[in-house]
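Note: the block below is entry09.pdb and it holds PDB, C-alpha atoms.
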ATOM      1  CA  MET A   6      88.874  61.209 104.817
ATOM      2  CA  ALA A   7      92.298  62.833 104.487
ATOM      3  CA  ALA A   8      93.730  59.695 106.063
ATOM      4  CA  ARG A   9      92.315  57.650 103.171
ATOM      5  CA  LEU A  10      94.174  59.665 100.546
ATOM      6  CA  LYS A  11      97.459  58.345  99.198
ATOM      7  CA  ARG A  12      99.466  61.000  97.484
ATOM      8  CA  THR A  13     102.229  61.271  94.934
ATOM      9  CA  PRO A  14     105.609  62.438  96.273
ATOM     10  CA  ASP A  15     104.432  66.036  95.806
ATOM     11  CA  GLY A  16     101.428  65.537  98.096
ATOM     12  CA  LEU A  17      98.774  65.519  95.392
ATOM     13  CA  VAL A  18      96.250  63.100  93.930
ATOM     14  CA  PRO A  19      95.047  63.089  90.326
ATOM     15  CA  ALA A  20      91.452  64.206  89.840
ATOM     16  CA  ILE A  21      89.589  63.128  86.718
ATOM     17  CA  ALA A  22      86.811  65.449  85.539
ATOM     18  CA  GLN A  23      84.094  63.670  83.593
ATOM     19  CA  GLN A  24      80.994  65.189  82.014
ATOM     20  CA  TYR A  25      78.227  63.657  84.123
ATOM     21  CA  ASP A  26      75.723  62.936  81.350
ATOM     22  CA  THR A  27      77.755  62.167  78.222
ATOM     23  CA  GLY A  28      80.616  60.386  80.004
ATOM     24  CA  GLU A  29      83.310  62.409  78.225
ATOM     25  CA  VAL A  30      86.609  62.514  80.094
ATOM     26  CA  LEU A  31      87.245  66.246  80.056
ATOM     27  CA  MET A  32      90.601  66.733  81.785
ATOM     28  CA  LEU A  33      92.797  65.667  84.649
ATOM     29  CA  GLY A  34      93.819  68.050  87.393
ATOM     30  CA  TRP A  35      95.525  67.697  90.764
ATOM     31  CA  MET A  36      94.096  68.090  94.244
ATOM     32  CA  ASP A  37      95.466  68.243  97.742
ATOM     33  CA  ASP A  38      93.251  67.892 100.814
ATOM     34  CA  GLU A  39      92.163  71.525 100.695
ATOM     35  CA  ALA A  40      91.278  71.461  96.983
ATOM     36  CA  LEU A  41      89.193  68.331  97.532
ATOM     37  CA  HIS A  42      87.478  69.937 100.517
ATOM     38  CA  ARG A  43      86.638  73.039  98.487
ATOM     39  CA  THR A  44      85.382  70.909  95.598
ATOM     40  CA  LEU A  45      83.061  69.014  97.948
ATOM     41  CA  THR A  46      81.766  72.062  99.781
ATOM     42  CA  THR A  47      81.522  74.805  97.145
ATOM     43  CA  GLY A  48      80.032  72.897  94.214
ATOM     44  CA  ARG A  49      82.827  74.163  91.949
ATOM     45  CA  CYS A  50      85.849  72.098  90.901
ATOM     46  CA  THR A  51      88.975  73.402  92.580
ATOM     47  CA  TYR A  52      92.434  72.139  91.668
ATOM     48  CA  TRP A  53      96.011  72.734  92.691
ATOM     49  CA  SER A  54      98.059  74.153  89.837
ATOM     50  CA  ARG A  55     101.431  72.414  89.774
ATOM     51  CA  SER A  56     102.860  75.011  87.388
ATOM     52  CA  ARG A  57     101.596  78.113  89.204
ATOM     53  CA  GLY A  58     101.705  76.718  92.736
ATOM     54  CA  GLU A  59      98.242  77.944  93.688
ATOM     55  CA  TYR A  60      94.628  76.877  93.998
ATOM     56  CA  TRP A  61      92.629  77.242  90.869
ATOM     57  CA  VAL A  62      88.841  77.315  90.612
ATOM     58  CA  LYS A  63      88.040  76.027  87.162
ATOM     59  CA  GLY A  64      86.261  78.712  85.171
ATOM     60  CA  ASP A  65      87.175  81.710  87.355
ATOM     61  CA  THR A  66      89.282  83.122  84.526
ATOM     62  CA  SER A  67      87.791  81.477  81.446
ATOM     63  CA  GLY A  68      84.157  81.269  82.464
ATOM     64  CA  HIS A  69      84.342  77.557  81.680
ATOM     65  CA  VAL A  70      82.994  76.494  85.044
ATOM     66  CA  GLN A  71      82.712  72.915  86.252
ATOM     67  CA  TYR A  72      79.643  72.417  88.452
ATOM     68  CA  VAL A  73      80.160  69.394  90.675
ATOM     69  CA  LYS A  74      77.570  66.619  90.418
ATOM     70  CA  SER A  75      79.344  63.873  92.394
ATOM     71  CA  VAL A  76      82.764  62.993  93.749
ATOM     72  CA  ALA A  77      84.220  59.537  94.364
ATOM     73  CA  LEU A  78      87.519  58.189  95.641
ATOM     74  CA  ASP A  79      88.879  55.051  94.068
ATOM     75  CA  CYS A  80      89.421  51.760  95.887
ATOM     76  CA  ASP A  81      92.964  52.672  96.912
ATOM     77  CA  GLY A  82      92.158  56.245  97.942
ATOM     78  CA  ASP A  83      94.678  57.669  95.513
ATOM     79  CA  THR A  84      92.492  59.054  92.725
ATOM     80  CA  VAL A  85      89.419  61.286  92.622
ATOM     81  CA  LEU A  86      86.670  61.089  89.996
ATOM     82  CA  VAL A  87      84.558  64.229  89.772
ATOM     83  CA  LYS A  88      81.433  64.149  87.654
ATOM     84  CA  VAL A  89      80.692  67.675  86.537
ATOM     85  CA  ASP A  90      78.556  69.783  84.300
ATOM     86  CA  GLN A  91      81.137  71.548  82.144
ATOM     87  CA  VAL A  92      80.282  74.983  80.766
ATOM     88  CA  GLY A  93      81.866  75.375  77.328
ATOM     89  CA  ALA A  94      85.320  74.021  76.628
ATOM     90  CA  ALA A  95      87.225  72.131  79.307
ATOM     91  CA  CYS A  96      90.557  72.668  77.537
ATOM     92  CA  HIS A  97      92.473  75.939  77.498
ATOM     93  CA  THR A  98      92.965  75.417  73.743
ATOM     94  CA  GLY A  99      89.218  75.760  73.207
ATOM     95  CA  ASP A 100      88.677  72.052  72.606
ATOM     96  CA  ARG A 101      85.827  70.418  74.465
ATOM     97  CA  THR A 102      88.224  67.999  76.196
ATOM     98  CA  CYS A 103      91.976  68.065  76.781
ATOM     99  CA  PHE A 104      92.326  64.794  74.861
ATOM    100  CA  ASP A 105      90.651  65.802  71.596
ATOM    101  CA  ALA A 106      93.867  66.648  69.743
ATOM    102  CA  GLY A 107      96.223  64.079  71.209
ATOM    103  CA  GLU A 108      95.453  60.685  69.696
ATOM    104  CA  LEU A 109      98.533  58.456  69.373
ATOM    105  CA  PRO A 110      99.046  55.799  66.697
ATOM    106  CA  LEU A 111      98.606  52.198  67.766
ATOM    107  CA  GLY A 112     100.565  49.214  66.558
ATOM    108  CA  GLY A 113     104.073  47.878  66.589
ATOM    109  CA  PRO A 114     106.666  47.838  63.821
ATOM    110  CA  ALA A 115     105.241  46.360  60.617
ATOM    111  CA  ASP A 116     107.831  43.597  60.450
ATOM    112  CA  GLY A 117     106.686  42.317  63.824
ATOM    113  CA  ARG A 118     103.163  41.569  62.702
ATOM    114  CA  GLU A 119     102.247  37.928  62.451
ATOM    115  CA  ASP A 120      99.590  38.758  59.875
ATOM    116  CA  GLY A 121     101.823  40.913  57.693
ATOM    117  CA  PRO A 122     102.885  40.085  54.132
ATOM    118  CA  ALA A 123     105.639  37.499  53.726
TER
ATOM    119  CA  MET B  22     106.816  61.338  71.781
ATOM    120  CA  ALA B  23     108.723  60.747  75.017
ATOM    121  CA  ALA B  24     109.813  64.368  74.838
ATOM    122  CA  ARG B  25     106.176  65.437  74.958
ATOM    123  CA  LEU B  26     105.533  63.673  78.260
ATOM    124  CA  LYS B  27     105.691  65.659  81.480
ATOM    125  CA  ARG B  28     106.043  63.459  84.516
ATOM    126  CA  THR B  29     105.427  63.622  88.221
ATOM    127  CA  PRO B  30     108.537  63.702  90.426
ATOM    128  CA  ASP B  31     108.595  59.886  90.324
ATOM    129  CA  GLY B  32     108.816  59.832  86.510
ATOM    130  CA  LEU B  33     105.284  58.652  85.854
ATOM    131  CA  VAL B  34     102.141  59.979  84.219
ATOM    132  CA  PRO B  35      98.588  59.080  85.229
ATOM    133  CA  ALA B  36      96.711  56.903  82.736
ATOM    134  CA  ILE B  37      92.925  56.898  82.774
ATOM    135  CA  ALA B  38      91.251  53.720  81.534
ATOM    136  CA  GLN B  39      87.793  54.313  80.106
ATOM    137  CA  GLN B  40      85.386  51.735  78.687
ATOM    138  CA  TYR B  41      85.298  52.721  75.022
ATOM    139  CA  ASP B  42      81.570  52.245  74.399
ATOM    140  CA  THR B  43      79.811  53.070  77.684
ATOM    141  CA  GLY B  44      82.179  55.849  78.741
ATOM    142  CA  GLU B  45      82.653  54.441  82.250
ATOM    143  CA  VAL B  46      85.870  55.589  83.921
ATOM    144  CA  LEU B  47      87.223  52.234  85.054
ATOM    145  CA  MET B  48      90.455  53.007  86.912
ATOM    146  CA  LEU B  49      93.575  55.106  86.942
ATOM    147  CA  GLY B  50      97.005  53.567  86.635
ATOM    148  CA  TRP B  51     100.511  54.937  86.104
ATOM    149  CA  MET B  52     102.749  54.696  83.076
ATOM    150  CA  ASP B  53     106.341  55.478  82.289
ATOM    151  CA  ASP B  54     107.633  55.675  78.711
ATOM    152  CA  GLU B  55     108.049  51.910  78.461
ATOM    153  CA  ALA B  56     104.576  51.111  79.785
ATOM    154  CA  LEU B  57     103.073  53.554  77.289
ATOM    155  CA  HIS B  58     105.120  52.016  74.481
ATOM    156  CA  ARG B  59     103.936  48.518  75.408
ATOM    157  CA  THR B  60     100.336  49.723  75.646
ATOM    158  CA  LEU B  61     100.543  51.226  72.158
ATOM    159  CA  THR B  62     102.278  48.251  70.551
ATOM    160  CA  THR B  63     100.785  45.175  72.259
ATOM    161  CA  GLY B  64      97.102  46.093  72.342
ATOM    162  CA  ARG B  65      97.007  45.365  76.081
ATOM    163  CA  CYS B  66      97.070  47.996  78.813
ATOM    164  CA  THR B  67     100.376  47.943  80.652
ATOM    165  CA  TYR B  68     100.992  49.990  83.775
ATOM    166  CA  TRP B  69     103.794  50.616  86.226
ATOM    167  CA  SER B  70     102.891  49.426  89.699
ATOM    168  CA  ARG B  71     104.035  52.034  92.217
ATOM    169  CA  SER B  72     103.558  49.616  95.116
ATOM    170  CA  ARG B  73     105.288  46.606  93.564
ATOM    171  CA  GLY B  74     107.822  48.511  91.469
ATOM    172  CA  GLU B  75     107.213  46.491  88.322
ATOM    173  CA  TYR B  76     105.354  46.518  85.021
ATOM    174  CA  TRP B  77     101.894  45.084  85.190
ATOM    175  CA  VAL B  78      99.836  43.891  82.240
ATOM    176  CA  LYS B  79      96.235  44.346  83.292
ATOM    177  CA  GLY B  80      94.507  40.971  83.384
ATOM    178  CA  ASP B  81      97.590  38.750  83.377
ATOM    179  CA  THR B  82      96.752  37.572  86.899
ATOM    180  CA  SER B  83      93.008  38.224  87.113
ATOM    181  CA  GLY B  84      91.959  37.530  83.546
ATOM    182  CA  HIS B  85      90.350  40.963  83.552
ATOM    183  CA  VAL B  86      92.126  42.090  80.418
ATOM    184  CA  GLN B  87      91.944  45.592  78.948
ATOM    185  CA  TYR B  88      92.066  45.523  75.150
ATOM    186  CA  VAL B  89      93.264  48.873  73.857
ATOM    187  CA  LYS B  90      90.971  50.709  71.449
ATOM    188  CA  SER B  91      92.671  54.122  71.371
ATOM    189  CA  VAL B  92      95.236  56.157  73.279
ATOM    190  CA  ALA B  93      95.464  59.930  73.572
ATOM    191  CA  LEU B  94      97.766  62.369  75.354
ATOM    192  CA  ASP B  95      96.259  65.472  76.839
ATOM    193  CA  CYS B  96      97.046  69.030  75.750
ATOM    194  CA  ASP B  97      99.912  69.345  78.237
ATOM    195  CA  GLY B  98     101.399  65.912  77.566
ATOM    196  CA  ASP B  99     101.092  64.907  81.196
ATOM    197  CA  THR B 100      98.119  62.524  81.174
ATOM    198  CA  VAL B 101      97.146  59.518  79.070
ATOM    199  CA  LEU B 102      93.573  58.497  78.243
ATOM    200  CA  VAL B 103      93.244  54.883  77.144
ATOM    201  CA  LYS B 104      89.929  53.736  75.755
ATOM    202  CA  VAL B 105      89.658  50.006  76.322
ATOM    203  CA  ASP B 106      87.355  47.057  76.151
ATOM    204  CA  GLN B 107      87.403  45.807  79.736
ATOM    205  CA  VAL B 108      86.842  42.088  80.350
ATOM    206  CA  GLY B 109      84.930  41.635  83.607
ATOM    207  CA  ALA B 110      85.708  43.800  86.613
ATOM    208  CA  ALA B 111      88.287  46.546  86.384
ATOM    209  CA  CYS B 112      88.661  46.723  90.169
ATOM    210  CA  HIS B 113      90.540  44.178  92.271
ATOM    211  CA  THR B 114      87.570  44.231  94.675
ATOM    212  CA  GLY B 115      85.358  42.739  91.967
ATOM    213  CA  ASP B 116      83.527  45.985  91.267
ATOM    214  CA  ARG B 117      83.151  47.015  87.654
ATOM    215  CA  THR B 118      85.066  50.253  88.266
ATOM    216  CA  CYS B 119      87.429  51.365  91.020
ATOM    217  CA  PHE B 120      85.104  54.257  91.862
ATOM    218  CA  ASP B 121      81.879  52.301  92.472
ATOM    219  CA  ALA B 122      82.225  52.142  96.266
ATOM    220  CA  GLY B 123      83.848  55.486  96.962
ATOM    221  CA  GLU B 124      81.257  58.218  96.630
ATOM    222  CA  LEU B 125      81.863  61.155  98.977
ATOM    223  CA  PRO B 126      79.172  63.405 100.463
ATOM    224  CA  LEU B 127      78.787  66.850  98.930
ATOM    225  CA  GLY B 128      77.940  70.056 100.728
ATOM    226  CA  GLY B 129      79.278  72.269 103.448
ATOM    227  CA  PRO B 130      78.189  72.464 107.068
ATOM    228  CA  ALA B 131      74.401  72.709 107.382
ATOM    229  CA  ASP B 132      74.521  76.086 109.072
ATOM    230  CA  GLY B 133      76.250  77.498 106.021
ATOM    231  CA  ARG B 134      73.401  76.732 103.673
ATOM    232  CA  GLU B 135      71.481  79.714 102.410
ATOM    233  CA  ASP B 136      68.417  77.565 101.758
ATOM    234  CA  GLY B 137      68.425  75.830 105.147
ATOM    235  CA  PRO B 138      65.725  76.167 107.774
ATOM    236  CA  ALA B 139      65.756  79.348 109.846
TER
END
Please rewrite the model in this file as C-alpha cells.
Amino acid sequence: MAARLKRTPDGLVPAIAQQYDTGEVLMLGWMDDEALHRTLTTGRCTYWSRSRGEYWVKGDTSGHVQYVKSVALDCDGDTVLVKVDQVGAACHTGDRTCFDAGELPLGGPADGREDGPA
Amino acid sequence: MAARLKRTPDGLVPAIAQQYDTGEVLMLGWMDDEALHRTLTTGRCTYWSRSRGEYWVKGDTSGHVQYVKSVALDCDGDTVLVKVDQVGAACHTGDRTCFDAGELPLGGPADGREDGPA
C-alpha cells in the first residue's frame, strides 16, 4: 500500500476527515505511512503535525477524539479520506469544523460583470 | 488574503471539492494564489496540476464542470474547502468521486484483537 502513495515534497499526503453520518468536512491533516498505518489499525485518527514535527492522535489532548469508520485512498493514491465519528469540536478554536469561520467572498470586480448596470 | 495562506514546500494548498447538497467529498486538487483567485472570480473550480505544471479548469476537457457555490479557508489558512455543483463524474475514471474505489481494510493483525477467538 505504501507503494501506492504519492507524497508532497515533504513526504506527506493530505488526509480529509469527514463526519461519517452528516457529511461535514471537519478538517484536513497530514499523514505519512506510519500515521496512516496507525489510523487503520488503532481506530483513532493519527496525523503528522507539520508544525510540531511529531505524530498526533486527534483528541489525546483535547478529548475531541475521531473514531475511524472507514478510510479510502483516492484514484491517484495521493489523498486519504477518513470518515470518522467526531467527539465535540474538530477545530482547536472550538468550532465544529475548521472551515466554519473562513468563508471567502465570491465574485469578480463589479465592472467586469456582464449583467451589471450600464 | 494571500498573506493568510500557508503553503506546502511547493507553494500550493490542498483544495477539497465537496458536492454542496449531498456532502460527498468528490476530489482533492491543489491551488496556488492564482488558482484560488480564478475559482473565486469565475465561478468555476480552477486547480494547479502538479503533474502537468499548468492551470486546469475542471471540466474544460471532460465536460464534468464544477460550479462554485462557496469557498472557505480553514482556521490555519492552509486548506481550501470548495462547495460545488459537480456535473457528472468528478473522477477521471468515471466514478462519481475519486474515493469510490479506494477503500482500505481497517484493523490490526488478528492475533492482536482482544475480542478474537482464544
> Which residues fall under the PyMOL selection byres ((chain A) within 8 of (chain B)) in this file, as a VMD selection string?
Replying inline: chain A and resid 13 to 15 19 27 to 30 32 to 33 45 to 48 75 to 80 84 86 96 98 103 to 113
Using C-alpha atoms, can you write the selected residues to a file as a compact mmCIF listing (two decimals), in the coordinates of the input?
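So the final result, stored in part.txt, reads:
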# COMPACT_ATOMS: atom_id res chain seq x y z
CA THR A 13 102.23 61.27 94.93
CA PRO A 14 105.61 62.44 96.27
CA ASP A 15 104.43 66.04 95.81
CA PRO A 19 95.05 63.09 90.33
CA THR A 27 77.76 62.17 78.22
CA GLY A 28 80.62 60.39 80.00
CA GLU A 29 83.31 62.41 78.22
CA VAL A 30 86.61 62.51 80.09
CA MET A 32 90.60 66.73 81.78
CA LEU A 33 92.80 65.67 84.65
CA LEU A 45 83.06 69.01 97.95
CA THR A 46 81.77 72.06 99.78
CA THR A 47 81.52 74.81 97.14
CA GLY A 48 80.03 72.90 94.21
CA SER A 75 79.34 63.87 92.39
CA VAL A 76 82.76 62.99 93.75
CA ALA A 77 84.22 59.54 94.36
CA LEU A 78 87.52 58.19 95.64
CA ASP A 79 88.88 55.05 94.07
CA CYS A 80 89.42 51.76 95.89
CA THR A 84 92.49 59.05 92.72
CA LEU A 86 86.67 61.09 90.00
CA CYS A 96 90.56 72.67 77.54
CA THR A 98 92.96 75.42 73.74
CA CYS A 103 91.98 68.06 76.78
CA PHE A 104 92.33 64.79 74.86
CA ASP A 105 90.65 65.80 71.60
CA ALA A 106 93.87 66.65 69.74
CA GLY A 107 96.22 64.08 71.21
CA GLU A 108 95.45 60.68 69.70
CA LEU A 109 98.53 58.46 69.37
CA PRO A 110 99.05 55.80 66.70
CA LEU A 111 98.61 52.20 67.77
CA GLY A 112 100.56 49.21 66.56
CA GLY A 113 104.07 47.88 66.59
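The gap separating atom CA of Gly93 of chain A from atom CA of Gly58 of chain A is 25.2 Å, in Å to one decimal.
Computed from the coordinates, the atom CA of Tyr72 of chain A to atom CA of Glu59 of chain A distance equals 20.1 Å.
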Least-squares align chain A to chain B using all Cα atoms paired by position, then dump the moved coordinates as a tab-separated table (two decimals) with C-alpha atoms, in the frame of the given file.
chain	number	residue	atom	x	y	z
A	6	MET	CA	106.76	61.45	71.91
A	7	ALA	CA	108.66	60.86	75.15
A	8	ALA	CA	109.72	64.50	74.96
A	9	ARG	CA	106.05	65.53	75.08
A	10	LEU	CA	105.42	63.74	78.36
A	11	LYS	CA	105.55	65.71	81.59
A	12	ARG	CA	105.93	63.51	84.60
A	13	THR	CA	105.28	63.64	88.31
A	14	PRO	CA	108.39	63.75	90.52
A	15	ASP	CA	108.50	59.93	90.38
A	16	GLY	CA	108.74	59.91	86.58
A	17	LEU	CA	105.22	58.71	85.89
A	18	VAL	CA	102.06	60.01	84.25
A	19	PRO	CA	98.51	59.07	85.25
A	20	ALA	CA	96.67	56.89	82.74
A	21	ILE	CA	92.88	56.84	82.77
A	22	ALA	CA	91.24	53.65	81.50
A	23	GLN	CA	87.78	54.21	80.07
A	24	GLN	CA	85.41	51.61	78.63
A	25	TYR	CA	85.31	52.60	74.97
A	26	ASP	CA	81.60	52.09	74.33
A	27	THR	CA	79.81	52.89	77.60
A	28	GLY	CA	82.15	55.69	78.68
A	29	GLU	CA	82.63	54.28	82.19
A	30	VAL	CA	85.81	55.45	83.88
A	31	LEU	CA	87.20	52.11	85.00
A	32	MET	CA	90.42	52.92	86.88
A	33	LEU	CA	93.53	55.04	86.93
A	34	GLY	CA	96.98	53.55	86.63
A	35	TRP	CA	100.48	54.94	86.11
A	36	MET	CA	102.73	54.73	83.09
A	37	ASP	CA	106.31	55.57	82.31
A	38	ASP	CA	107.63	55.76	78.74
A	39	GLU	CA	108.07	52.00	78.48
A	40	ALA	CA	104.58	51.19	79.79
A	41	LEU	CA	103.07	53.62	77.29
A	42	HIS	CA	105.15	52.11	74.49
A	43	ARG	CA	103.99	48.60	75.41
A	44	THR	CA	100.38	49.76	75.64
A	45	LEU	CA	100.59	51.26	72.14
A	46	THR	CA	102.36	48.32	70.55
A	47	THR	CA	100.90	45.22	72.23
A	48	GLY	CA	97.20	46.10	72.33
A	49	ARG	CA	97.10	45.35	76.06
A	50	CYS	CA	97.12	48.00	78.80
A	51	THR	CA	100.42	47.96	80.64
A	52	TYR	CA	101.01	50.00	83.78
A	53	TRP	CA	103.79	50.65	86.24
A	54	SER	CA	102.88	49.44	89.71
A	55	ARG	CA	103.98	52.05	92.24
A	56	SER	CA	103.50	49.62	95.13
A	57	ARG	CA	105.29	46.63	93.58
A	58	GLY	CA	107.81	48.57	91.50
A	59	GLU	CA	107.25	46.56	88.33
A	60	TYR	CA	105.40	46.57	85.03
A	61	TRP	CA	101.97	45.12	85.17
A	62	VAL	CA	99.91	43.90	82.22
A	63	LYS	CA	96.31	44.31	83.26
A	64	GLY	CA	94.60	40.93	83.32
A	65	ASP	CA	97.73	38.74	83.34
A	66	THR	CA	96.87	37.55	86.84
A	67	SER	CA	93.13	38.15	87.06
A	68	GLY	CA	92.11	37.46	83.49
A	69	HIS	CA	90.46	40.88	83.49
A	70	VAL	CA	92.23	42.05	80.37
A	71	GLN	CA	92.01	45.54	78.91
A	72	TYR	CA	92.15	45.48	75.11
A	73	VAL	CA	93.33	48.85	73.83
A	74	LYS	CA	91.02	50.67	71.42
A	75	SER	CA	92.69	54.10	71.36
A	76	VAL	CA	95.23	56.15	73.28
A	77	ALA	CA	95.42	59.93	73.59
A	78	LEU	CA	97.69	62.37	75.38
A	79	ASP	CA	96.14	65.47	76.87
A	80	CYS	CA	96.92	69.03	75.80
A	81	ASP	CA	99.78	69.37	78.28
A	82	GLY	CA	101.28	65.94	77.61
A	83	ASP	CA	100.96	64.93	81.24
A	84	THR	CA	98.02	62.52	81.20
A	85	VAL	CA	97.08	59.51	79.09
A	86	LEU	CA	93.52	58.46	78.25
A	87	VAL	CA	93.23	54.85	77.13
A	88	LYS	CA	89.93	53.66	75.72
A	89	VAL	CA	89.70	49.94	76.28
A	90	ASP	CA	87.44	46.96	76.09
A	91	GLN	CA	87.47	45.69	79.67
A	92	VAL	CA	86.94	41.97	80.27
A	93	GLY	CA	85.03	41.49	83.52
A	94	ALA	CA	85.76	43.66	86.53
A	95	ALA	CA	88.33	46.44	86.32
A	96	CYS	CA	88.69	46.61	90.11
A	97	HIS	CA	90.57	44.08	92.21
A	98	THR	CA	87.59	44.09	94.60
A	99	GLY	CA	85.40	42.58	91.88
A	100	ASP	CA	83.54	45.82	91.19
A	101	ARG	CA	83.17	46.84	87.57
A	102	THR	CA	85.05	50.10	88.21
A	103	CYS	CA	87.40	51.23	90.97
A	104	PHE	CA	85.03	54.10	91.80
A	105	ASP	CA	81.84	52.12	92.39
A	106	ALA	CA	82.16	51.95	96.18
A	107	GLY	CA	83.76	55.30	96.90
A	108	GLU	CA	81.13	58.02	96.57
A	109	LEU	CA	81.72	60.96	98.93
A	110	PRO	CA	79.00	63.17	100.41
A	111	LEU	CA	78.59	66.61	98.90
A	112	GLY	CA	77.68	69.79	100.70
A	113	GLY	CA	79.04	72.08	103.35
A	114	PRO	CA	78.04	72.41	107.00
A	115	ALA	CA	74.28	72.85	107.36
A	116	ASP	CA	74.60	76.18	109.15
A	117	GLY	CA	76.42	77.62	106.15
A	118	ARG	CA	73.54	77.11	103.76
A	119	GLU	CA	71.80	80.23	102.58
A	120	ASP	CA	68.63	78.25	101.95
A	121	GLY	CA	68.59	76.50	105.32
A	122	PRO	CA	65.96	77.00	108.03
A	123	ALA	CA	66.21	80.17	110.10
>> Between atom CA of Asp81 of chain B and atom CA of Tyr41 of chain B, what distance in Å does the model show, to one decimal?
In response: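 Computing the Euclidean distance for atom CA of Asp81 of chain B and atom CA of Tyr41 of chain B yields 20.4 Å.
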>> Residues within 6 Å of Trp69 of chain B, please, as a PyMOL selection string. Count only C-alpha atoms; anything in the same chain fewer than 5 positions from it doesn't count.
In response: chain B and resi 51-52+75-77
>> As a check of understanding, name the residues that the PyMOL selection byres ((chain B and resi 84) around 12) selects in the supplied structure, as a VMD selection string.
In response: chain B and resid 65 78 to 83 85 to 88 107 to 113 115
